[in-house]
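Visitor: For reference, this is start-v5.txt, and it has compact mmCIF, C-alpha atoms.
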# COMPACT_ATOMS: atom_id res chain seq x y z
CA MET A 1 -47.68 111.83 46.43
CA ALA A 2 -49.14 113.13 49.69
CA ALA A 3 -52.74 114.23 50.05
CA PRO A 4 -53.36 117.99 50.23
CA GLY A 5 -52.50 119.31 53.68
CA CYS A 6 -50.81 116.06 54.71
CA SER A 7 -47.10 115.69 54.03
CA ALA A 8 -46.65 112.44 55.98
CA PRO A 9 -47.10 108.95 54.50
CA ARG A 10 -50.73 107.96 54.60
CA LEU A 11 -52.93 104.90 54.59
CA TRP A 12 -55.44 104.31 51.83
CA VAL A 13 -58.79 103.04 53.02
CA GLN A 14 -60.95 101.24 50.50
CA VAL A 15 -64.66 101.77 50.95
CA ALA A 16 -66.95 99.30 49.21
CA ARG A 17 -70.42 100.45 48.26
CA GLN A 18 -73.26 98.50 46.80
CA ARG A 19 -76.70 99.44 45.69
CA VAL A 20 -79.44 96.94 44.98
CA GLY A 21 -79.05 95.56 41.48
CA THR A 22 -75.62 97.13 40.87
CA PRO A 23 -72.12 95.65 41.22
CA PHE A 24 -69.68 96.71 43.93
CA THR A 25 -67.68 99.85 43.28
CA THR A 26 -64.56 100.70 45.23
CA VAL A 27 -63.54 104.20 46.25
CA SER A 28 -60.09 104.93 47.70
CA LYS A 29 -59.82 107.65 50.34
CA PRO A 30 -56.65 109.07 51.92
CA PHE A 31 -56.45 108.88 55.69
CA CYS A 32 -54.14 110.92 57.87
CA SER A 33 -54.31 112.25 61.40
CA ALA A 34 -53.04 115.48 62.90
CA ALA A 35 -50.12 113.58 64.43
CA ALA A 36 -49.23 112.10 61.05
CA ALA A 37 -49.29 115.56 59.50
CA SER A 38 -46.78 116.87 62.02
CA ARG A 39 -44.25 114.02 61.79
CA PRO A 40 -43.52 110.87 59.78
CA LEU A 41 -45.39 107.79 61.01
CA ASP A 42 -43.29 104.69 60.54
CA ALA A 43 -44.67 101.14 60.56
CA GLN A 44 -43.42 100.34 64.08
CA ARG A 45 -45.05 103.39 65.65
CA LEU A 46 -48.30 102.65 63.83
CA ALA A 47 -48.28 99.04 65.03
CA GLU A 48 -47.65 100.14 68.63
CA ARG A 49 -50.52 102.61 68.45
CA LEU A 50 -52.92 100.00 67.09
CA ARG A 51 -51.89 97.52 69.79
CA ALA A 52 -52.46 100.14 72.48
CA GLN A 53 -55.92 100.94 71.11
CA LYS A 54 -56.82 97.25 70.98
CA GLN A 55 -55.66 96.71 74.57
CA GLU A 56 -57.67 99.74 75.71
CA GLN A 57 -60.81 98.27 74.12
CA LYS A 58 -60.19 94.94 75.88
CA THR A 59 -59.79 96.52 79.32
CA LYS A 60 -62.69 98.92 78.92
CA LYS A 61 -65.43 97.99 81.36
CA VAL A 62 -68.81 97.17 79.90
CA PRO A 63 -71.68 98.42 82.08
CA VAL A 64 -73.72 95.58 83.57
CA PRO A 65 -77.40 95.91 82.61
CA THR A 66 -79.99 95.70 85.38
CA ASN A 67 -82.72 94.25 83.13
CA PRO A 68 -82.64 90.39 83.37
CA VAL A 69 -83.33 89.99 79.64
CA GLN A 70 -80.54 92.38 78.70
CA GLN A 71 -78.25 90.50 81.09
CA ARG A 72 -79.10 87.25 79.30
CA VAL A 73 -78.45 88.83 75.90
CA GLN A 74 -75.05 90.02 77.13
CA GLU A 75 -74.30 86.51 78.47
CA LEU A 76 -75.13 84.96 75.10
CA VAL A 77 -72.87 87.42 73.26
CA ARG A 78 -70.07 86.58 75.70
CA PHE A 79 -70.74 82.85 75.29
CA THR A 80 -70.39 82.96 71.49
CA GLN A 81 -67.15 84.94 71.82
CA GLN A 82 -65.77 82.42 74.32
CA LEU A 83 -66.51 79.53 71.97
CA GLN A 84 -63.91 80.97 69.60
CA ARG A 85 -61.27 81.23 72.34
CA VAL A 86 -61.56 77.96 74.28
CA HIS A 87 -59.03 75.15 73.94
CA PRO A 88 -60.10 72.49 71.39
CA ASN A 89 -60.20 69.87 74.16
CA VAL A 90 -62.65 72.00 76.13
CA LEU A 91 -64.92 72.44 73.11
CA ALA A 92 -64.79 68.71 72.32
CA LYS A 93 -65.76 67.93 75.91
CA ALA A 94 -68.68 70.36 75.72
CA LEU A 95 -69.89 68.76 72.47
CA SER A 96 -69.62 65.30 74.03
CA ARG A 97 -72.01 66.40 76.79
CA GLY A 98 -74.48 67.44 74.10
CA ILE A 99 -74.69 64.07 72.36
CA VAL A 100 -78.26 63.19 71.41
CA HIS A 101 -77.63 59.73 69.94
CA GLN A 102 -74.77 57.42 69.03
CA ASP A 103 -74.56 53.95 67.52
CA SER A 104 -72.06 51.91 65.50
CA ASP A 105 -72.34 54.32 62.54
CA LEU A 106 -73.36 57.76 63.81
CA VAL A 107 -72.77 60.32 66.54
CA VAL A 108 -75.46 63.02 66.77
CA ILE A 109 -74.86 66.29 68.62
CA ASN A 110 -77.00 69.30 69.47
CA LYS A 111 -75.03 72.09 67.78
CA PRO A 112 -74.75 75.19 70.00
CA TYR A 113 -75.43 78.73 68.84
CA GLY A 114 -72.57 80.78 67.40
CA LEU A 115 -70.25 77.88 66.59
CA PRO A 116 -69.12 77.54 62.94
CA VAL A 117 -69.05 74.10 61.37
CA HIS A 118 -66.16 74.90 59.01
CA GLY A 119 -63.18 77.23 59.21
CA GLY A 120 -62.87 80.47 57.28
CA PRO A 121 -61.78 84.11 57.56
CA GLY A 122 -61.90 85.22 61.19
CA VAL A 123 -62.79 81.72 62.47
CA GLN A 124 -60.43 80.62 65.25
CA LEU A 125 -62.19 77.37 66.16
CA CYS A 126 -64.93 75.29 64.53
CA ILE A 127 -66.59 71.90 64.85
CA SER A 128 -64.49 70.28 62.11
CA ASP A 129 -61.32 71.25 64.03
CA VAL A 130 -62.26 69.17 67.09
CA LEU A 131 -63.66 66.04 65.41
CA PRO A 132 -60.41 64.05 65.91
CA ILE A 133 -60.41 64.97 69.63
CA LEU A 134 -64.11 64.19 70.05
CA ALA A 135 -63.63 60.78 68.40
CA LYS A 136 -60.82 59.89 70.85
CA MET A 137 -62.92 61.01 73.81
CA LEU A 138 -65.77 58.77 72.72
CA HIS A 139 -64.02 55.75 71.23
CA GLY A 140 -60.46 55.68 72.57
CA HIS A 141 -57.09 57.05 71.50
CA LYS A 142 -56.89 54.87 68.39
CA ALA A 143 -60.23 56.10 67.01
CA GLU A 144 -60.33 57.65 63.55
CA PRO A 145 -61.66 61.24 63.31
CA LEU A 146 -65.40 61.67 63.01
CA HIS A 147 -66.75 62.93 59.67
CA LEU A 148 -69.28 65.68 58.92
CA CYS A 149 -72.41 64.48 57.12
CA HIS A 150 -73.99 67.89 56.46
CA ARG A 151 -73.70 71.48 57.64
CA LEU A 152 -75.61 74.05 59.67
CA ASP A 153 -75.06 77.80 59.66
CA LYS A 154 -73.07 79.31 62.51
CA GLU A 155 -76.19 80.90 64.05
CA THR A 156 -78.40 77.80 63.67
CA THR A 157 -78.74 75.35 66.56
CA GLY A 158 -79.89 71.75 66.64
CA VAL A 159 -79.43 68.30 65.13
CA MET A 160 -76.03 67.67 63.54
CA LEU A 161 -74.95 64.27 62.21
CA LEU A 162 -71.39 62.96 62.44
CA ALA A 163 -70.26 59.61 61.01
CA ARG A 164 -67.65 57.28 62.47
CA GLU A 165 -66.39 56.26 59.03
CA LYS A 166 -65.96 58.17 55.79
CA GLU A 167 -68.01 55.64 53.83
CA VAL A 168 -70.98 56.11 56.16
CA ALA A 169 -70.64 59.89 55.83
CA HIS A 170 -70.82 59.55 52.03
CA GLN A 171 -73.94 57.37 52.34
CA VAL A 172 -75.67 59.90 54.58
CA GLN A 173 -74.64 62.78 52.29
CA GLU A 174 -76.22 60.89 49.40
CA LEU A 175 -79.46 60.55 51.41
CA PHE A 176 -79.47 64.32 51.88
CA ARG A 177 -78.67 64.93 48.20
CA THR A 178 -81.50 62.67 47.00
CA ARG A 179 -83.94 64.23 49.52
CA GLN A 180 -84.53 61.05 51.49
CA VAL A 181 -83.91 62.78 54.84
CA THR A 182 -86.85 64.57 56.44
CA LYS A 183 -85.68 67.87 57.95
CA LYS A 184 -87.80 69.89 60.36
CA TYR A 185 -86.79 73.28 61.74
CA TRP A 186 -88.46 75.52 64.27
CA ALA A 187 -88.33 79.31 63.98
CA ILE A 188 -89.80 82.26 65.82
CA THR A 189 -90.92 84.85 63.31
CA VAL A 190 -91.74 88.53 63.41
CA HIS A 191 -95.28 88.75 61.97
CA VAL A 192 -97.63 85.82 61.33
CA PRO A 193 -97.77 84.13 57.91
CA VAL A 194 -101.00 84.04 55.93
CA PRO A 195 -102.18 81.37 55.26
CA SER A 196 -101.14 79.47 58.39
CA ALA A 197 -99.75 76.58 56.34
CA GLY A 198 -98.44 76.32 52.82
CA VAL A 199 -95.47 76.06 50.46
CA VAL A 200 -92.97 78.73 49.42
CA ASP A 201 -91.23 78.05 46.11
CA ILE A 202 -89.33 81.26 45.36
CA PRO A 203 -86.08 80.62 43.42
CA ILE A 204 -82.88 81.73 45.14
CA THR A 205 -79.87 83.11 43.29
CA GLU A 206 -76.34 82.72 44.60
CA LYS A 207 -74.02 81.76 41.74
CA GLU A 208 -76.96 80.63 39.64
CA VAL A 209 -80.74 80.52 39.91
CA GLN A 210 -81.78 77.47 41.92
CA VAL A 211 -85.24 76.11 42.66
CA ALA A 212 -85.98 76.30 46.38
CA VAL A 213 -89.06 74.81 48.08
CA THR A 214 -90.10 75.14 51.74
CA GLN A 215 -93.17 73.75 53.45
CA TYR A 216 -94.33 75.56 56.59
CA ARG A 217 -97.06 75.51 59.22
CA VAL A 218 -97.85 77.67 62.23
CA LEU A 219 -97.56 75.86 65.57
CA SER A 220 -98.49 78.87 67.73
CA SER A 221 -99.13 82.56 67.11
CA THR A 222 -100.02 85.90 68.64
CA VAL A 223 -100.97 89.14 66.90
CA SER A 224 -97.35 89.98 66.04
CA SER A 225 -95.26 86.79 66.19
CA ALA A 226 -95.39 83.07 65.51
CA LEU A 227 -93.69 79.75 66.12
CA LEU A 228 -93.31 77.93 62.80
CA GLU A 229 -92.34 74.42 61.79
CA LEU A 230 -90.38 74.50 58.54
CA GLN A 231 -89.65 71.58 56.26
CA PRO A 232 -87.17 72.44 53.49
CA VAL A 233 -87.67 70.17 50.48
CA THR A 234 -84.51 71.55 48.87
CA GLY A 235 -81.27 72.59 50.55
CA ILE A 236 -80.18 75.98 49.21
CA LYS A 237 -77.96 78.22 51.35
CA HIS A 238 -80.04 80.44 53.68
CA GLN A 239 -83.21 79.11 52.04
CA LEU A 240 -85.40 79.25 55.14
CA ARG A 241 -84.31 82.76 56.07
CA VAL A 242 -84.89 84.12 52.56
CA HIS A 243 -88.26 82.39 52.11
CA LEU A 244 -89.63 83.58 55.43
CA SER A 245 -88.44 87.15 55.06
CA PHE A 246 -89.04 87.85 51.38
CA GLY A 247 -91.63 85.17 50.57
CA LEU A 248 -93.92 85.46 53.59
CA ASP A 249 -92.84 88.86 55.01
CA CYS A 250 -92.16 87.07 58.30
CA PRO A 251 -88.44 87.36 59.03
CA ILE A 252 -86.96 85.15 61.71
CA LEU A 253 -86.43 86.86 65.05
CA GLY A 254 -82.76 87.83 65.24
CA ASP A 255 -82.14 87.66 61.48
CA HIS A 256 -80.15 90.84 60.92
CA LYS A 257 -79.18 89.90 57.36
CA TYR A 258 -82.48 89.26 55.60
CA SER A 259 -84.96 91.35 57.58
CA ASP A 260 -84.62 94.34 55.26
CA TRP A 261 -84.59 94.01 51.47
CA ASN A 262 -82.71 97.25 50.85
CA ARG A 263 -80.04 97.39 53.52
CA LEU A 264 -77.94 95.35 55.95
CA ALA A 265 -78.83 96.58 59.42
CA PRO A 266 -79.99 95.30 62.84
CA GLN A 267 -83.53 93.97 62.71
CA LYS A 268 -86.18 96.63 63.28
CA LEU A 269 -88.79 95.40 65.75
CA SER A 270 -92.14 96.86 66.73
CA VAL A 271 -92.54 98.69 70.03
CA GLY A 272 -94.84 95.90 71.27
CA THR A 273 -92.34 93.14 70.47
CA LEU A 274 -89.47 95.06 72.07
CA LYS A 275 -91.57 95.60 75.20
CA LYS A 276 -92.35 91.88 75.47
CA LEU A 277 -88.67 91.01 75.05
CA GLY A 278 -87.65 93.72 77.51
CA LEU A 279 -85.17 95.28 75.12
CA PRO A 280 -84.67 98.73 73.56
CA GLN A 281 -84.21 98.90 69.79
CA SER A 282 -80.55 99.83 70.33
CA LYS A 283 -79.96 96.34 71.79
CA ALA A 284 -81.87 94.47 69.06
CA ARG A 285 -78.62 93.80 67.18
CA HIS A 286 -77.67 91.34 69.95
CA ILE A 287 -80.80 89.18 69.56
CA PRO A 288 -79.66 85.74 68.34
CA LEU A 289 -81.16 84.02 65.33
CA HIS A 290 -84.14 81.95 66.48
CA LEU A 291 -83.75 79.08 64.02
CA HIS A 292 -83.39 75.55 65.38
CA ALA A 293 -82.87 72.26 63.52
CA ARG A 294 -85.50 70.44 65.55
CA GLN A 295 -85.69 67.01 63.93
CA LEU A 296 -84.08 64.77 61.31
CA ILE A 297 -85.63 61.49 60.19
CA LEU A 298 -83.21 59.12 58.45
CA PRO A 299 -84.34 56.10 56.41
CA ALA A 300 -82.89 52.63 57.07
CA LEU A 301 -79.12 52.62 56.60
CA GLY A 302 -76.59 49.79 56.75
CA SER A 303 -77.37 47.31 59.51
CA ARG A 304 -80.21 49.51 60.80
CA LYS A 305 -83.46 48.26 59.26
CA GLU A 306 -85.81 50.96 60.53
CA GLU A 307 -85.91 54.74 60.20
CA LEU A 308 -84.18 56.84 62.83
CA SER A 309 -85.87 59.93 64.31
CA LEU A 310 -83.52 62.43 65.98
CA VAL A 311 -84.87 65.36 68.00
CA CYS A 312 -82.88 68.13 69.68
CA LYS A 313 -84.03 70.18 72.63
CA LEU A 314 -84.50 73.93 72.11
CA PRO A 315 -81.78 76.26 73.44
CA ARG A 316 -82.72 78.13 76.56
CA TYR A 317 -82.81 81.57 74.91
CA PHE A 318 -85.32 80.21 72.37
CA VAL A 319 -87.59 78.88 75.13
CA ARG A 320 -87.42 82.18 77.01
CA SER A 321 -88.36 84.13 73.89
CA LEU A 322 -91.35 81.83 73.37
CA SER A 323 -92.51 82.56 76.90
CA ARG A 324 -92.04 86.33 76.66
CA LEU A 325 -93.82 86.53 73.30
CA GLY A 326 -96.73 84.41 74.53
CA LEU A 327 -96.04 81.52 72.15
CA LYS A 328 -96.59 77.89 73.15
CA MET A 329 -94.96 74.63 72.13
CA PRO A 330 -97.17 71.66 71.22
CA SER A 331 -97.83 69.67 74.41
CA GLN A 332 -95.97 66.53 73.27
CA ASP A 333 -92.89 68.62 72.53
CA GLN A 334 -93.04 70.31 75.94
CA ASN A 335 -92.86 66.88 77.58
CA ARG A 336 -90.02 65.78 75.32
CA ASP A 337 -87.94 68.88 76.03
CA HIS A 338 -88.55 68.53 79.76
CA GLU A 339 -87.27 64.96 79.75
CA THR A 340 -84.03 65.59 77.82
CA GLY A 341 -81.10 67.85 78.65
CA HIS A 342 -77.80 68.63 76.92
CA LEU A 343 -75.60 71.36 75.50
CA GLY A 344 -78.56 73.05 73.80
CA GLU A 345 -79.27 74.86 77.10
CA GLN A 346 -77.63 78.16 76.18
Taking this structure as input, can you express it in the form of structure tokens?
Guide:
Amino acid sequence: MAAPGCSAPRLWVQVARQRVGTPFTTVSKPFCSAAAASRPLDAQRLAERLRAQKQEQKTKKVPVPTNPVQQRVQELVRFTQQLQRVHPNVLAKALSRGIVHQDSDLVVINKPYGLPVHGGPGVQLCISDVLPILAKMLHGHKAEPLHLCHRLDKETTGVMLLAREKEVAHQVQELFRTRQVTKKYWAITVHVPVPSAGVVDIPITEKEVQVAVTQYRVLSSTVSSALLELQPVTGIKHQLRVHLSFGLDCPILGDHKYSDWNRLAPQKLSVGTLKKLGLPQSKARHIPLHLHARQLILPALGSRKEELSLVCKLPRYFVRSLSRLGLKMPSQDQNRDHETGHLGEQ
């Protein structure tokens, strides 16, 4: 049955709506254009039209911003898009240049921004896809694929552990599960937490209510922003982002998912913060998440009799934001970042 005023076949578009505290409801709406009303629209013609529209979007020129900060934001957006399109060998080579540490058991990389760890809907390339290639680059053509020991979110940068053997990966995963690994993250936040150090223990619900505990302390602050060191005691999905935003009212800069309790929208920043960053509010949606896995400390494992401290350099966009916002790194960390260099320079 055609919709009123539209005799041609039509597409049904499902619109999902959700209000806080209520389940999703789905509403179906008929869609037809003036062209469809005048003549039948077969599948081939529709496919050709969609391809033409997609090609037009690809060839459409994007104006080049004159503001250096906006140029850098545009470069970062382009970089994350390119990561999904490069050949797996190219990505493996890039990851090999970002190696922080390797020994007989582990390979440690500095995970770049915007790169998923696992595959999923819409993911063309991820770290797990290139582990066999990376292993051969590092250890020869007969090398077994490397194994993931833990995960980081797509937007999170920093320390990522890979194991040469599956048994070692299981041992490291058990260390994470039993909370024997010390994890330290750095984040730039909008607003400054009060008090300047403490513990957030707000439960987080995904499929079930789970206890979540985060220790935090302020490393540097201004009137409207702060550099925080975060130490998650538990490992719940998006724990740090939820605790900072809803527990301390200090969302992470560039967190467009958890900055507003009631709606999913680009992060709303103050006029002062936007001025320091050199961005209009309309460009705030391009600000990357400023959350970095700074350090992991592993206890003795296998033939290694002492603990292993692994530190990853901050990505370049993170360092630039620190400078523009007037935030400072602790002096010992400034020296450490100056002495090391790898893929984290995005």
Visitor: Could you tell me which of A:Thr178, A:Gln332, A:Ser259, A:Asn89 comes closest to Leu134 of chain A if we count all atoms listed in the file?
Guide: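 Closest residue, counting all atoms listed in the file: A:Asn89.
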Visitor: Please report the interatomic distance between atom CA of Pro330 of chain A and atom CA of Ile202 of chain A in Å with one decimal.
Guide: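 It comes out at 28.7 Å.
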Visitor: Calculated over only C-alpha atoms, which of the candidates A:Lys184, A:Arg179, A:His290, A:His191 has the smallest distance to Val311 of chain A?
Guide: A:Lys184
Visitor: Which polymer residues have any atom within 6 Å of an atom of segment 127-130 of chain A, counting only C-alpha atoms, with same-chain residues fewer than 3 positions away left out, as a list in words?
Guide: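 Residues near the query, excluding close chain neighbours: Pro88, Ala92, Val117, His118 and Ile133 of chain A.
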Visitor: To one decimal in Å, tell me the separation between atom CA of Leu219 of chain A and atom CA of Ala187 of chain A.
Guide: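 Atom CA of Leu219 of chain A sits 10.0 Å away from atom CA of Ala187 of chain A.
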Visitor: What's the separation between atom CA of His101 of chain A and atom CA of Tyr113 of chain A, in Å to one decimal place?
Guide: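 Distance reported for this atom pair: 19.2 Å.
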Visitor: So which residues touch Tyr185 of chain A within 12 Å, counting only C-alpha atoms, skipping near sequence neighbours fewer than 6 positions away, as a ChimeraX atom specification?
Guide: /A:152,156-159,214-219,227-233,239-241,252,290-297,311-314
Visitor: Those residues with C-alpha atoms, as a PDB file, keeping the file's coordinate frame please?
Guide:
ATOM      1  CA  LEU A 152     -75.610  74.050  59.670  1.00  0.00           C
ATOM      2  CA  THR A 156     -78.400  77.800  63.670  1.00  0.00           C
ATOM      3  CA  THR A 157     -78.740  75.350  66.560  1.00  0.00           C
ATOM      4  CA  GLY A 158     -79.890  71.750  66.640  1.00  0.00           C
ATOM      5  CA  VAL A 159     -79.430  68.300  65.130  1.00  0.00           C
ATOM      6  CA  THR A 214     -90.100  75.140  51.740  1.00  0.00           C
ATOM      7  CA  GLN A 215     -93.170  73.750  53.450  1.00  0.00           C
ATOM      8  CA  TYR A 216     -94.330  75.560  56.590  1.00  0.00           C
ATOM      9  CA  ARG A 217     -97.060  75.510  59.220  1.00  0.00           C
ATOM     10  CA  VAL A 218     -97.850  77.670  62.230  1.00  0.00           C
ATOM     11  CA  LEU A 219     -97.560  75.860  65.570  1.00  0.00           C
ATOM     12  CA  LEU A 227     -93.690  79.750  66.120  1.00  0.00           C
ATOM     13  CA  LEU A 228     -93.310  77.930  62.800  1.00  0.00           C
ATOM     14  CA  GLU A 229     -92.340  74.420  61.790  1.00  0.00           C
ATOM     15  CA  LEU A 230     -90.380  74.500  58.540  1.00  0.00           C
ATOM     16  CA  GLN A 231     -89.650  71.580  56.260  1.00  0.00           C
ATOM     17  CA  PRO A 232     -87.170  72.440  53.490  1.00  0.00           C
ATOM     18  CA  VAL A 233     -87.670  70.170  50.480  1.00  0.00           C
ATOM     19  CA  GLN A 239     -83.210  79.110  52.040  1.00  0.00           C
ATOM     20  CA  LEU A 240     -85.400  79.250  55.140  1.00  0.00           C
ATOM     21  CA  ARG A 241     -84.310  82.760  56.070  1.00  0.00           C
ATOM     22  CA  ILE A 252     -86.960  85.150  61.710  1.00  0.00           C
ATOM     23  CA  HIS A 290     -84.140  81.950  66.480  1.00  0.00           C
ATOM     24  CA  LEU A 291     -83.750  79.080  64.020  1.00  0.00           C
ATOM     25  CA  HIS A 292     -83.390  75.550  65.380  1.00  0.00           C
ATOM     26  CA  ALA A 293     -82.870  72.260  63.520  1.00  0.00           C
ATOM     27  CA  ARG A 294     -85.500  70.440  65.550  1.00  0.00           C
ATOM     28  CA  GLN A 295     -85.690  67.010  63.930  1.00  0.00           C
ATOM     29  CA  LEU A 296     -84.080  64.770  61.310  1.00  0.00           C
ATOM     30  CA  ILE A 297     -85.630  61.490  60.190  1.00  0.00           C
ATOM     31  CA  VAL A 311     -84.870  65.360  68.000  1.00  0.00           C
ATOM     32  CA  CYS A 312     -82.880  68.130  69.680  1.00  0.00           C
ATOM     33  CA  LYS A 313     -84.030  70.180  72.630  1.00  0.00           C
ATOM     34  CA  LEU A 314     -84.500  73.930  72.110  1.00  0.00           C
TER      35      LEU A 314
END
Visitor: Would you please work out which residue, of A:Leu161, A:Val194, A:Leu298, A:Ala94, is nearest to Leu248 of chain A when using only C-alpha atoms?
Guide: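 Between A:Leu161, A:Val194, A:Leu298, A:Ala94, the residue approaching Leu248 of chain A most closely is A:Val194.
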Visitor: Given only C-alpha atoms as the basis, pick out the residue of A:Arg320, A:Lys111, A:Ile188, A:His139 nearest to Cys126 of chain A.
Guide: A:Lys111
Visitor: Nearest residue to Leu327 of chain A out of A:Ala300, A:Val172, A:Leu115, A:Val223, using only C-alpha atoms?
Guide: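 Nearest to Leu327 of chain A: A:Val223.
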Visitor: Could you check which of A:Arg324, A:Ser96, A:Gly140, A:Pro299 is closest to Leu175 of chain A, using only C-alpha atoms?
Guide: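 Counting only C-alpha atoms, the residue closest to Leu175 of chain A is A:Pro299.
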